[in-house]
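To start, the structure under review is shown below, and the notes come after it.
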Amino acid sequence: MSGLAHGAEAASHRSRGMTVAGYVAMVLVLLVVAVPLFWIVITSLKERQDIYVRPAQWFPQPGTTANYHDVTTRIPFLDYFRNSLVITLVLSASKIVLGVISAYALSLLRFPGRGLVFLVVIAALMVPNQITVISNYALVAQLGWRNTFQGIIVPLAGVAFGTFLMRNQFLSLPGEIIEAARLDGAGPLKLLWRVVLPMSWPTLVAFSLITVVNEWNEYLWPFLMSDDERTAPLPVGLTLLQNNDGVTNWGPVMAGTVLAMLPVLVLFLVLQRQMIKGLTAGAVKS
Amino acid sequence: MNNLTRRGFLGLAGAAGVTGLSACAGTGTSATSDKGGSSNTIEFWSNHPGNSKPVEQQIIQAFQKENPGLTVKLVDAGKNYEEVAQKLNAALVGGQLPDLVVVSDVTWFNFALNKQLAPMDDLLSSAKVDTSDYVDALFNDYKYADGHFALPYARSTPLFYYNKELWSKAGLEDRGPKDWDEFKQWSDALKAAVGSGKHAMELADGSNYLDWYFQNMVWDFGGAYSKEWTPTFSDPNTVKAGQYLQDLAKNGVVKFNATPEADFSAGLAGCILQSTGSLGGISKDAKFEVGTAFLPGTDNCPTGGAGVGIPAKISDERKANAVKFAEFLTNAKNTVTFTQATGYMPVRKSAVDTAEEKAYLEKNPNAKTAIDQLPHTRSQDNARVLLPGGGARIGKALDQVAQGQDVTSVFAGLDKESQQVFDNQIKSKL
Amino acid sequence: MATVYFDAATRRYTKDGPPAVDAVTLDIDDGEFLVLVGPSGCGKSTTLRMLAGLEPVDDGRILVDGHDQKGVRPRDRDIAMVFQSYALYPNMTAAQNMAFALDNSGVPKAETRSRVEEAARILELGDLLDRKPGQLSGGQRQRVAMGRAIVRQPKVFCMDEPLSNLDAKLRVSTRSQIAGLQRRLGVTTVYVTHDQVEAMTMGHRVAVLRDGRLQQVASPEELYDRPVNTFVAAFIGSPAITLVEAPVREGRADVHGVPVALDREVAAGAGDRVVVGLRPESWRLVGADEPDALELTVELVEALGSESFVYGRRPGAGEGDDERVTIKTEKRAGVEVGETVRVRPVDGEAHVFDAASGERLAG
């Protein structure tokens with residue numbers, strides 16, 4: 001009896017220790033993630049002379065929004081922003097659609113050569129982006145697509161990663177539900193839209209989020225393809241704020257970074273709720 | 001929707017497969033010569049050194065006014081010289097070359113060696129450009145074999161920046177050190193004056209062009225990175241310079257850092273070696289009076305920065321237009337406009353005689369230091385600027401020296417590596 | 001509503017291995033409730049899935065209403081299936097789950113609604129129609145799965161162990177509900193189970209499968225009374241039949257020294273040895289004075305209230321289950337574990353099988 005009580009006490013003690021450790025870890029992670037972000041925001045609100053001082057200023061004194069004004073006037077910020085939106089939206093949409101339907105074909109439809117197609121897709125995943133840059137450049141230049149949206153978008157629309165991710169997700173779904181839907185007379189598209197996708201919602205949202213963030217931050221290819229603010233996205237445009245031979249004024253750079261971060265942040269907050277909703281919906285399948 | 005057949009889906013899956021494939025497909029025909037490109041549009045690829053995009057646009061407008069038949073298209077070609085080189089490399093393989101491109105002191109030679117940049121001399125003479133007005137040291141930086149492969153554009157030299165308040169606190173004369181020996185004598189006083197947690201001097205680390213600033217130190221001690229193509233890192237004088245650098249670090253006089261100009265402006269470093277290009281920024285950021293001086297030593301200031309070159313494979317007509325614009329970009333009037341906006345050095349001898357420049361220098365004595373130093377510059381050693389990867393290689397070795405590794409063996413390693421690179425990549429092409 | 005005919009239907013998963021379903025021939029009447037039963041791995045689920053079109057038929061044919069189903073897609077077969085895991089769509093409400101098939105086949109909205117409501121009324125799901133599967137209990141999910149099959153008014157119901165995920169009590173009540181529902185709707189039903197009690201209580205006829213081969217198809221009574229071989233005899237009936245291998249002498253089988261008279265017909269067909277099967281109710285306890293009785297040491301007594309089962313073993317017999325004799329007695333057995341009892345087979349109730357092949361000997 002006393003032994004039992006002792007054991008229980010030890011267990012609760014241990015769990016309290018774990019709780020404390022959990023909180024410590026959480027705070028540490030928060031600091032690691034949040035401090036640089038906080039520093040970016042704070043720096044974007046500082047006057048130039050206050051950026052490099054010791055001791056460091058944790059709050060801008062005096063604060064200024066001049067950096068934001070600077071970003072929107074010194075470079076055609078709105079043009080870059082529009083380009084980023086166009087490129088990210090079109091690219092993400094096509095990547096998600098292509099990824100989902102190709103994964104669907106490779107996991108749930110039977111056709112000859114399925115294994116081979118999947119192998120080719122996986123092989124494409126193994127080739128690093130940087131390797132294909134030159135050949136893609138040649139192709140796009142021949143088509144006369146340099147400094148155009150399609151020149152930036154089409155070569156990036158290959159979706160080996162999405163195909164791979166979504167295929168594995170689809171394969172993990174309980175086979176009986178798919179069979180039930182087939183018996184219930186669902187055609188391929190209905191099966192995908194009404195049965196398979198709703199059950200794969202969390203993975204799809206995660207994939208979409210990764211895709212959007214990746215495309216939003218895509219640098220190398222748009223940099224090579226674009227010549228000016230007619231097609232260049234934000235990551236390329238923001239580099240104009242940096243002085244590449246001399247002293248960079250970090251205030252506007254940080255302000256630009258903050259502005260570039262915002263849309264993705266908002267999207268994440270919106271989709272995050274969807275992800276949680278999707279997770280509970282997925283938990284009931286058996 | 002319901003009636004979509006399996007065959008239809010096969011098509012879709014096929015489409016997906018093709019998209020995947022397109023990632024690896026299509027080198028196309030190699031662009032041996034670039035016939036495309038409009039002959040009256042001059043495409044100028046620039047990374048806008050020193051935030052110079054507005055000035056570049058201003059100069060372009062002036063050019064178009066003078067030459068109504070020609071338009072210049074300014075292209076954002078990267079955030080630094082390496083990215084411009086990368087973009088040019090892609091175009092050299094993939095096609096659609098620019099007419100004029102910014103090349104740095106480190107990147108131009110490789111393009112010239114592989115005959116990807118056109119020699120300028122004939123183009124310049126047929127355009128009747130008087131090359132003797134270019135500052136000799138700057139123009140000859142682009143000389144290889146018998147030709148010049150670029151025109152100097154955004155050129156800089158290092159300067160000795162010092163904190164005047166600290167100087168008077170340490171009881172030093174208001175000037176830079178005559179040579180590195182004198183700096184050593186000053187270092188104790190500086191250390192005492194600057195206080196704890198701060199440093200008498202800060203230098204950029206090996207990833208941030210310490211190899212450029214150290215060139216001056218090596219020359220001051222009578223050493224060099226190389227003589228022509230022969231590496232001379234093991235020369236006793238070169239080693240002595242390395243030892244000197246190491247001692248400064250050991251004694252806590254110098255701290256190495258990615259952005260010494262920032263610490264200097266914040267009052268955390270007593271003096272720095274930095275590009276003339278930083279002059280504008282530092283003057284704006286610093287809350288104390290900034291002094292500038294020649295680099296220590298005599299006639300041993302390296303040059304740096306970038307020029308503009310013309311790709312070899314564009315049509316002669318395009319080349320002729322390009323050289324016309326290149327000359328305009330770097331003529332006396334425009335080099336003054338450009339350098340006053342950015343802090344770079346005027347590349348024309350006649351520039352300093354213009355009224356505008358005289359007035360400007362009157363008002364900005366620190367800028368005058370840089371101009372005055374110009375006749376005392378010296379073209380850099382091949383081992384840094386012409387050997388592929390030279391700057392990065394020396395920078396890495398200097399980081400090791402700064403961390404206390406044995407100077408003689410590190411420099412011996414440099415000798416060997418540099419020789420190998422030369423033998424493998426350069427020798428056969430010379 | 002339809003007839004189903006399996007014509008030597010065969011399924012091979014591997015080219016060289018033994019078939020999972022081996023030339024099963026089976027004729028199912030319109031409106032019949034047929035139960036496929038057998039131990040796990042016997043091929044009963046595969047047989048069902050072949051009918052639904054989820055598995056190909058490698059050899060032979062399956063006819064529904066006389067039409068060969070080869071090449072007919074599952075969705076075009078008009079067969080509804082209830083899965084062991086129910087396989088409900090987690091993102092749809094109970095009503096949407098049931099209506100899904102009707103939506104797909106273009107049934108008008110109003111009719112769909114009335115059919116779903118009717119099914120919900122039959123299955124007492126009225127209050128649950130707006131809930132998603134995650135908010136339903138196991139029994140409720142099972143009923144939604146049934147409802148999904150019912151609303152389609154298909155030619156054939158296929159049910160794959162639909163009760164195995166329910167607790168024992170719910171299983172018994174649902175058993176009779178499904179059987180009753182099937183009688184009412186009159187839809188031809190093929191029902192797969194490994195539980196012989198379900199098989200015996202639900203089906204019009206029961207088909208026993210072993211290793212992909214059909215052993216016997218018959219009504220539950222026939223299956224119990226006239227099993228065609230020792231496998232069926234042992235599989236059907238709980239507690240199991242006692243099988244004893246016995247030598248034949250002078251028209252009698254010698255069951256551990258107790259003579260069991262054989263029919264003349266049977267005796268004529270029997271060789272030297274037979275297997276005698278005696279169900280628990282075919283034994284009776286006898287007093288010490290009766291001759292030709294078997295002495296047993298009691299190992300276990302199961303008193304179920306209305307009846308009791310006594311498990312005994314001959315002195316000196318081995319440890320195996322097959323050496324154990326099971327006897328059914330009335331309410332109170334009046335025997336204790338460790339006691340010695342004497343038992344005799346009831347005349348004329350012995351099942352006699354060929355010792356070598358295990359086949360029933362005529363009679």
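Letters for chains follow the order of the structure tokens (A, B, ...), residue numbers begin at 1 for each chain, and ligand numbers begin at 1 in the order shown.
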
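Near Gly334 of chain C, within 12 Å and counting only C-alpha atoms, sit Leu285, Val298, Val301, Glu302, Ala303, Glu307, Ser308, Phe309, Val310, Thr329, Glu330, Lys331, Val337, Glu339, Thr340 and Val341 of chain C, not including residues fewer than 3 positions from it in the same chain.
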
Resulting file, chosen residues, C-alpha atoms, as a PDB file, in the first residue's frame:
ATOM      1  CA  LEU C 285     -24.545 -40.990 -18.128  1.00  0.00           C
ATOM      2  CA  VAL C 298     -14.168 -35.605 -15.186  1.00  0.00           C
ATOM      3  CA  VAL C 301     -17.950 -29.118 -15.764  1.00  0.00           C
ATOM      4  CA  GLU C 302     -19.613 -26.164 -17.504  1.00  0.00           C
ATOM      5  CA  ALA C 303     -22.932 -25.409 -15.877  1.00  0.00           C
ATOM      6  CA  GLU C 307     -27.893 -27.417 -19.250  1.00  0.00           C
ATOM      7  CA  SER C 308     -24.392 -28.541 -18.372  1.00  0.00           C
ATOM      8  CA  PHE C 309     -21.443 -29.878 -20.298  1.00  0.00           C
ATOM      9  CA  VAL C 310     -19.117 -32.439 -18.786  1.00  0.00           C
ATOM     10  CA  THR C 329     -26.407 -33.363 -19.374  1.00  0.00           C
ATOM     11  CA  GLU C 330     -29.532 -31.818 -17.992  1.00  0.00           C
ATOM     12  CA  LYS C 331     -29.582 -28.741 -15.748  1.00  0.00           C
ATOM     13  CA  VAL C 337     -14.300 -32.619 -11.222  1.00  0.00           C
ATOM     14  CA  GLU C 339     -14.993 -37.984 -10.170  1.00  0.00           C
ATOM     15  CA  THR C 340     -15.250 -41.015 -12.432  1.00  0.00           C
ATOM     16  CA  VAL C 341     -18.355 -41.333 -14.526  1.00  0.00           C
TER      17      VAL C 341
END

Nearby residues (only C-alpha atoms) at most 10 Å from Asp58 of chain C, same-chain spacing under 5 positions excluded, as a list in words: Ala9, Thr10, Arg11, Arg12, Tyr13, Pro19, Val21, Ala23, Met50 and Lys70 of chain C

May I have the residues of chain C within 9 Å of chain A, counting only C-alpha atoms, written as a PyMOL selection string? chain C and resi 52-54+73-92+100-102+104-105+132-135+148-149+152

Skip Ala293 of chain B itself and residues of its chain fewer than 2 positions away, then list as a PyMOL selection string all residues within 7 Å of it, counting only C-alpha atoms. chain B and resi 159-161+175-176+291+295+369

Selected residues, all heavy atoms, written as a PDB file, in the first residue's frame, please.
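And here's again-v2.pdb as it stands now:
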ATOM      1  N   LEU B 159      40.640  52.376 -47.799  1.00  0.00           N
ATOM      2  CA  LEU B 159      41.065  53.582 -47.085  1.00  0.00           C
ATOM      3  C   LEU B 159      41.287  53.222 -45.637  1.00  0.00           C
ATOM      4  O   LEU B 159      40.740  52.239 -45.138  1.00  0.00           O
ATOM      5  CB  LEU B 159      39.975  54.665 -47.143  1.00  0.00           C
ATOM      6  CG  LEU B 159      39.892  55.592 -48.349  1.00  0.00           C
ATOM      7  CD1 LEU B 159      38.790  56.607 -48.109  1.00  0.00           C
ATOM      8  CD2 LEU B 159      41.229  56.301 -48.581  1.00  0.00           C
ATOM      9  N   PHE B 160      42.077  54.029 -44.988  1.00  0.00           N
ATOM     10  CA  PHE B 160      42.253  53.872 -43.544  1.00  0.00           C
ATOM     11  C   PHE B 160      41.279  54.835 -42.867  1.00  0.00           C
ATOM     12  O   PHE B 160      41.411  56.046 -42.970  1.00  0.00           O
ATOM     13  CB  PHE B 160      43.703  54.193 -43.164  1.00  0.00           C
ATOM     14  CG  PHE B 160      44.031  53.937 -41.722  1.00  0.00           C
ATOM     15  CD1 PHE B 160      44.467  52.685 -41.300  1.00  0.00           C
ATOM     16  CD2 PHE B 160      43.927  54.955 -40.772  1.00  0.00           C
ATOM     17  CE1 PHE B 160      44.787  52.457 -39.978  1.00  0.00           C
ATOM     18  CE2 PHE B 160      44.246  54.724 -39.446  1.00  0.00           C
ATOM     19  CZ  PHE B 160      44.676  53.462 -39.057  1.00  0.00           C
ATOM     20  N   TYR B 161      40.243  54.289 -42.214  1.00  0.00           N
ATOM     21  CA  TYR B 161      39.263  55.112 -41.509  1.00  0.00           C
ATOM     22  C   TYR B 161      39.630  55.136 -40.031  1.00  0.00           C
ATOM     23  O   TYR B 161      39.931  54.093 -39.458  1.00  0.00           O
ATOM     24  CB  TYR B 161      37.861  54.514 -41.624  1.00  0.00           C
ATOM     25  CG  TYR B 161      37.255  54.510 -43.015  1.00  0.00           C
ATOM     26  CD1 TYR B 161      37.586  53.515 -43.943  1.00  0.00           C
ATOM     27  CD2 TYR B 161      36.320  55.458 -43.382  1.00  0.00           C
ATOM     28  CE1 TYR B 161      37.009  53.499 -45.204  1.00  0.00           C
ATOM     29  CE2 TYR B 161      35.731  55.445 -44.647  1.00  0.00           C
ATOM     30  CZ  TYR B 161      36.083  54.463 -45.550  1.00  0.00           C
ATOM     31  OH  TYR B 161      35.522  54.423 -46.793  1.00  0.00           O
ATOM     32  N   ARG B 175      46.355  61.883 -37.971  1.00  0.00           N
ATOM     33  CA  ARG B 175      46.741  61.322 -39.277  1.00  0.00           C
ATOM     34  C   ARG B 175      46.792  59.805 -39.166  1.00  0.00           C
ATOM     35  O   ARG B 175      46.731  59.245 -38.060  1.00  0.00           O
ATOM     36  CB  ARG B 175      48.098  61.855 -39.710  1.00  0.00           C
ATOM     37  CG  ARG B 175      49.220  61.453 -38.762  1.00  0.00           C
ATOM     38  CD  ARG B 175      50.599  61.815 -39.323  1.00  0.00           C
ATOM     39  NE  ARG B 175      51.643  61.521 -38.361  1.00  0.00           N
ATOM     40  CZ  ARG B 175      52.236  60.335 -38.246  1.00  0.00           C
ATOM     41  NH1 ARG B 175      51.876  59.329 -39.008  1.00  0.00           N
ATOM     42  NH2 ARG B 175      53.193  60.144 -37.353  1.00  0.00           N
ATOM     43  N   GLY B 176      46.862  59.147 -40.301  1.00  0.00           N
ATOM     44  CA  GLY B 176      47.023  57.699 -40.292  1.00  0.00           C
ATOM     45  C   GLY B 176      48.469  57.318 -40.060  1.00  0.00           C
ATOM     46  O   GLY B 176      49.357  58.153 -40.172  1.00  0.00           O
ATOM     47  N   GLY B 291      37.899  60.296 -39.560  1.00  0.00           N
ATOM     48  CA  GLY B 291      39.071  60.699 -40.320  1.00  0.00           C
ATOM     49  C   GLY B 291      39.424  59.639 -41.334  1.00  0.00           C
ATOM     50  O   GLY B 291      39.169  58.461 -41.131  1.00  0.00           O
ATOM     51  N   LEU B 295      46.419  54.209 -46.933  1.00  0.00           N
ATOM     52  CA  LEU B 295      46.795  52.961 -46.295  1.00  0.00           C
ATOM     53  C   LEU B 295      48.245  53.084 -45.831  1.00  0.00           C
ATOM     54  O   LEU B 295      49.049  53.780 -46.452  1.00  0.00           O
ATOM     55  CB  LEU B 295      46.667  51.798 -47.271  1.00  0.00           C
ATOM     56  CG  LEU B 295      45.252  51.411 -47.668  1.00  0.00           C
ATOM     57  CD1 LEU B 295      45.260  50.099 -48.443  1.00  0.00           C
ATOM     58  CD2 LEU B 295      44.355  51.274 -46.460  1.00  0.00           C
ATOM     59  N   THR B 369      40.916  62.358 -49.868  1.00  0.00           N
ATOM     60  CA  THR B 369      41.949  61.394 -49.496  1.00  0.00           C
ATOM     61  C   THR B 369      42.040  60.284 -50.514  1.00  0.00           C
ATOM     62  O   THR B 369      43.125  59.902 -50.958  1.00  0.00           O
ATOM     63  CB  THR B 369      41.627  60.768 -48.117  1.00  0.00           C
ATOM     64  OG1 THR B 369      41.245  61.795 -47.213  1.00  0.00           O
ATOM     65  CG2 THR B 369      42.822  60.015 -47.587  1.00  0.00           C
TER      66      THR B 369
END

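Relative to atom CA of Thr43 of chain A, atom CA of Phe59 of chain A is found at 8.8 Å.
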
Work out how far apart atom CA of Leu31 of chain A and atom CA of Trp58 of chain A are and give it in Å to one decimal. 14.4 Å

Pull the alpha helix (DSSP H) assignments for segment 135-301 of chain C out of DSSP run on the backbone, and list those residues as a PyMOL selection string. chain C and resi 138-150+168-185+196-202+220-225+230-235+264-269

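By only C-alpha atoms, and with residues fewer than 3 positions from Ile75 of chain A along its chain excluded, the set lying at most 12 Å from it is Asn67, Tyr68, His69, Asp70, Val71, Thr72, Leu78, Asp79, Tyr80, Phe81, Asp228, Glu229, Ala232, Leu234, Val236, Gly237, Leu238, Thr239, Leu240, Leu241, Gln242, Pro252, Val253 and Gly256 of chain A; Asn51, Lys53, Pro54 and Asp76 of chain B.
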
Using only C-alpha atoms, which of B:Lys115, B:Lys324, B:Lys319, B:Lys178 sits nearest Glu66 of chain B? B:Lys324

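Residues within 7 Å of segment 189-203 of chain C, counting only C-alpha atoms and excluding same-chain residues fewer than 4 positions away, are C:Glu32, C:Phe33, C:Leu34, C:Val35, C:Leu36, C:Val37, C:Gly38, C:Pro39, C:Ser40, C:Lys44, C:Ser45, C:Val156, C:Phe157, C:Cys158, C:Met159, C:Asp160, C:Glu161, C:Ala179, C:Pro220, C:Ile236.
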
Would you put the residues from that selection into a file with N, CA, C and O atoms, as a short mmCIF file (atom, residue, chain, number, x, y, z; two decimals), in the first residue's frame?
data_model
loop_
_atom_site.label_atom_id
_atom_site.label_comp_id
_atom_site.auth_asym_id
_atom_site.auth_seq_id
_atom_site.Cartn_x
_atom_site.Cartn_y
_atom_site.Cartn_z
N GLU C 32 -32.25 -15.47 -51.39
CA GLU C 32 -31.69 -16.37 -50.38
C GLU C 32 -30.65 -15.66 -49.51
O GLU C 32 -29.97 -14.74 -49.96
N PHE C 33 -30.55 -16.10 -48.26
CA PHE C 33 -29.50 -15.62 -47.36
C PHE C 33 -28.49 -16.75 -47.24
O PHE C 33 -28.77 -17.74 -46.58
N LEU C 34 -27.36 -16.58 -47.90
CA LEU C 34 -26.34 -17.63 -47.86
C LEU C 34 -25.17 -17.18 -47.01
O LEU C 34 -24.67 -16.07 -47.19
N VAL C 35 -24.77 -18.04 -46.10
CA VAL C 35 -23.63 -17.70 -45.25
C VAL C 35 -22.42 -18.49 -45.71
O VAL C 35 -22.50 -19.70 -45.90
N LEU C 36 -21.30 -17.77 -45.91
CA LEU C 36 -20.02 -18.42 -46.19
C LEU C 36 -19.26 -18.50 -44.89
O LEU C 36 -18.99 -17.47 -44.26
N VAL C 37 -18.92 -19.71 -44.47
CA VAL C 37 -18.25 -19.84 -43.19
C VAL C 37 -17.02 -20.71 -43.34
O VAL C 37 -16.93 -21.51 -44.26
N GLY C 38 -16.08 -20.49 -42.44
CA GLY C 38 -14.86 -21.29 -42.47
C GLY C 38 -13.83 -20.63 -41.58
O GLY C 38 -14.01 -19.48 -41.17
N PRO C 39 -12.76 -21.35 -41.28
CA PRO C 39 -11.71 -20.74 -40.45
C PRO C 39 -11.00 -19.63 -41.23
O PRO C 39 -11.14 -19.53 -42.44
N SER C 40 -10.24 -18.78 -40.52
CA SER C 40 -9.60 -17.67 -41.23
C SER C 40 -8.61 -18.21 -42.26
O SER C 40 -7.97 -19.24 -42.03
N LYS C 44 -13.04 -17.35 -47.81
CA LYS C 44 -14.44 -16.91 -47.84
C LYS C 44 -14.56 -15.43 -48.20
O LYS C 44 -15.42 -15.05 -48.99
N SER C 45 -13.66 -14.58 -47.64
CA SER C 45 -13.72 -13.15 -47.99
C SER C 45 -13.36 -12.94 -49.45
O SER C 45 -13.96 -12.11 -50.13
N VAL C 156 -27.80 -7.60 -54.96
CA VAL C 156 -27.18 -8.50 -53.99
C VAL C 156 -26.54 -7.69 -52.87
O VAL C 156 -25.93 -6.65 -53.12
N PHE C 157 -26.72 -8.15 -51.63
CA PHE C 157 -25.94 -7.63 -50.50
C PHE C 157 -24.73 -8.53 -50.29
O PHE C 157 -24.88 -9.75 -50.23
N CYS C 158 -23.57 -7.91 -50.12
CA CYS C 158 -22.40 -8.66 -49.68
C CYS C 158 -22.02 -8.15 -48.30
O CYS C 158 -21.86 -6.96 -48.11
N MET C 159 -21.92 -9.06 -47.35
CA MET C 159 -21.56 -8.62 -46.00
C MET C 159 -20.33 -9.38 -45.54
O MET C 159 -20.32 -10.61 -45.53
N ASP C 160 -19.30 -8.63 -45.17
CA ASP C 160 -18.03 -9.24 -44.80
C ASP C 160 -17.82 -9.11 -43.30
O ASP C 160 -17.34 -8.09 -42.83
N GLU C 161 -18.20 -10.10 -42.57
CA GLU C 161 -18.08 -10.10 -41.11
C GLU C 161 -18.55 -8.79 -40.49
O GLU C 161 -17.80 -8.15 -39.75
N ALA C 179 -30.89 -10.63 -39.91
CA ALA C 179 -31.61 -11.76 -40.51
C ALA C 179 -33.04 -11.35 -40.80
O ALA C 179 -33.57 -11.60 -41.90
N PRO C 220 -28.83 -25.17 -42.19
CA PRO C 220 -28.14 -25.36 -40.91
C PRO C 220 -28.47 -26.71 -40.29
O PRO C 220 -27.57 -27.38 -39.77
N ILE C 236 -18.87 -27.33 -37.24
CA ILE C 236 -20.23 -26.94 -36.87
C ILE C 236 -20.59 -27.62 -35.56
O ILE C 236 -20.35 -28.81 -35.37
#

Do a neighbour search on Pro315 of chain C at 8 Å with only C-alpha atoms, toss out local chain neighbours closer than 5 positions, and write the hits as a ChimeraX atom specification. /C:295-297

Rank nothing, just name the residue among C:Val228, C:Gly139, C:Ala362, C:Ile62 nearest to Ser173 of chain C, using only C-alpha atoms. C:Gly139

Set the distance at 12 Å and use only C-alpha atoms: which residues neighbour Ile210 of chain A once local chain neighbours fewer than 6 positions away are removed? I'd like the list as an MDAnalysis selection string. chainID A and resid 88 92 95:96 161:162 165 203:204 216:218 264 267:268 271

Length of the atom CA of Arg273 of chain C to atom CA of Ala356 of chain C vector [Å]: 8.2 Å

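Closest to Tyr311 of chain C among C:Asp7, C:Asp130, C:Asp292, C:Glu336 is C:Glu336, based on only C-alpha atoms.
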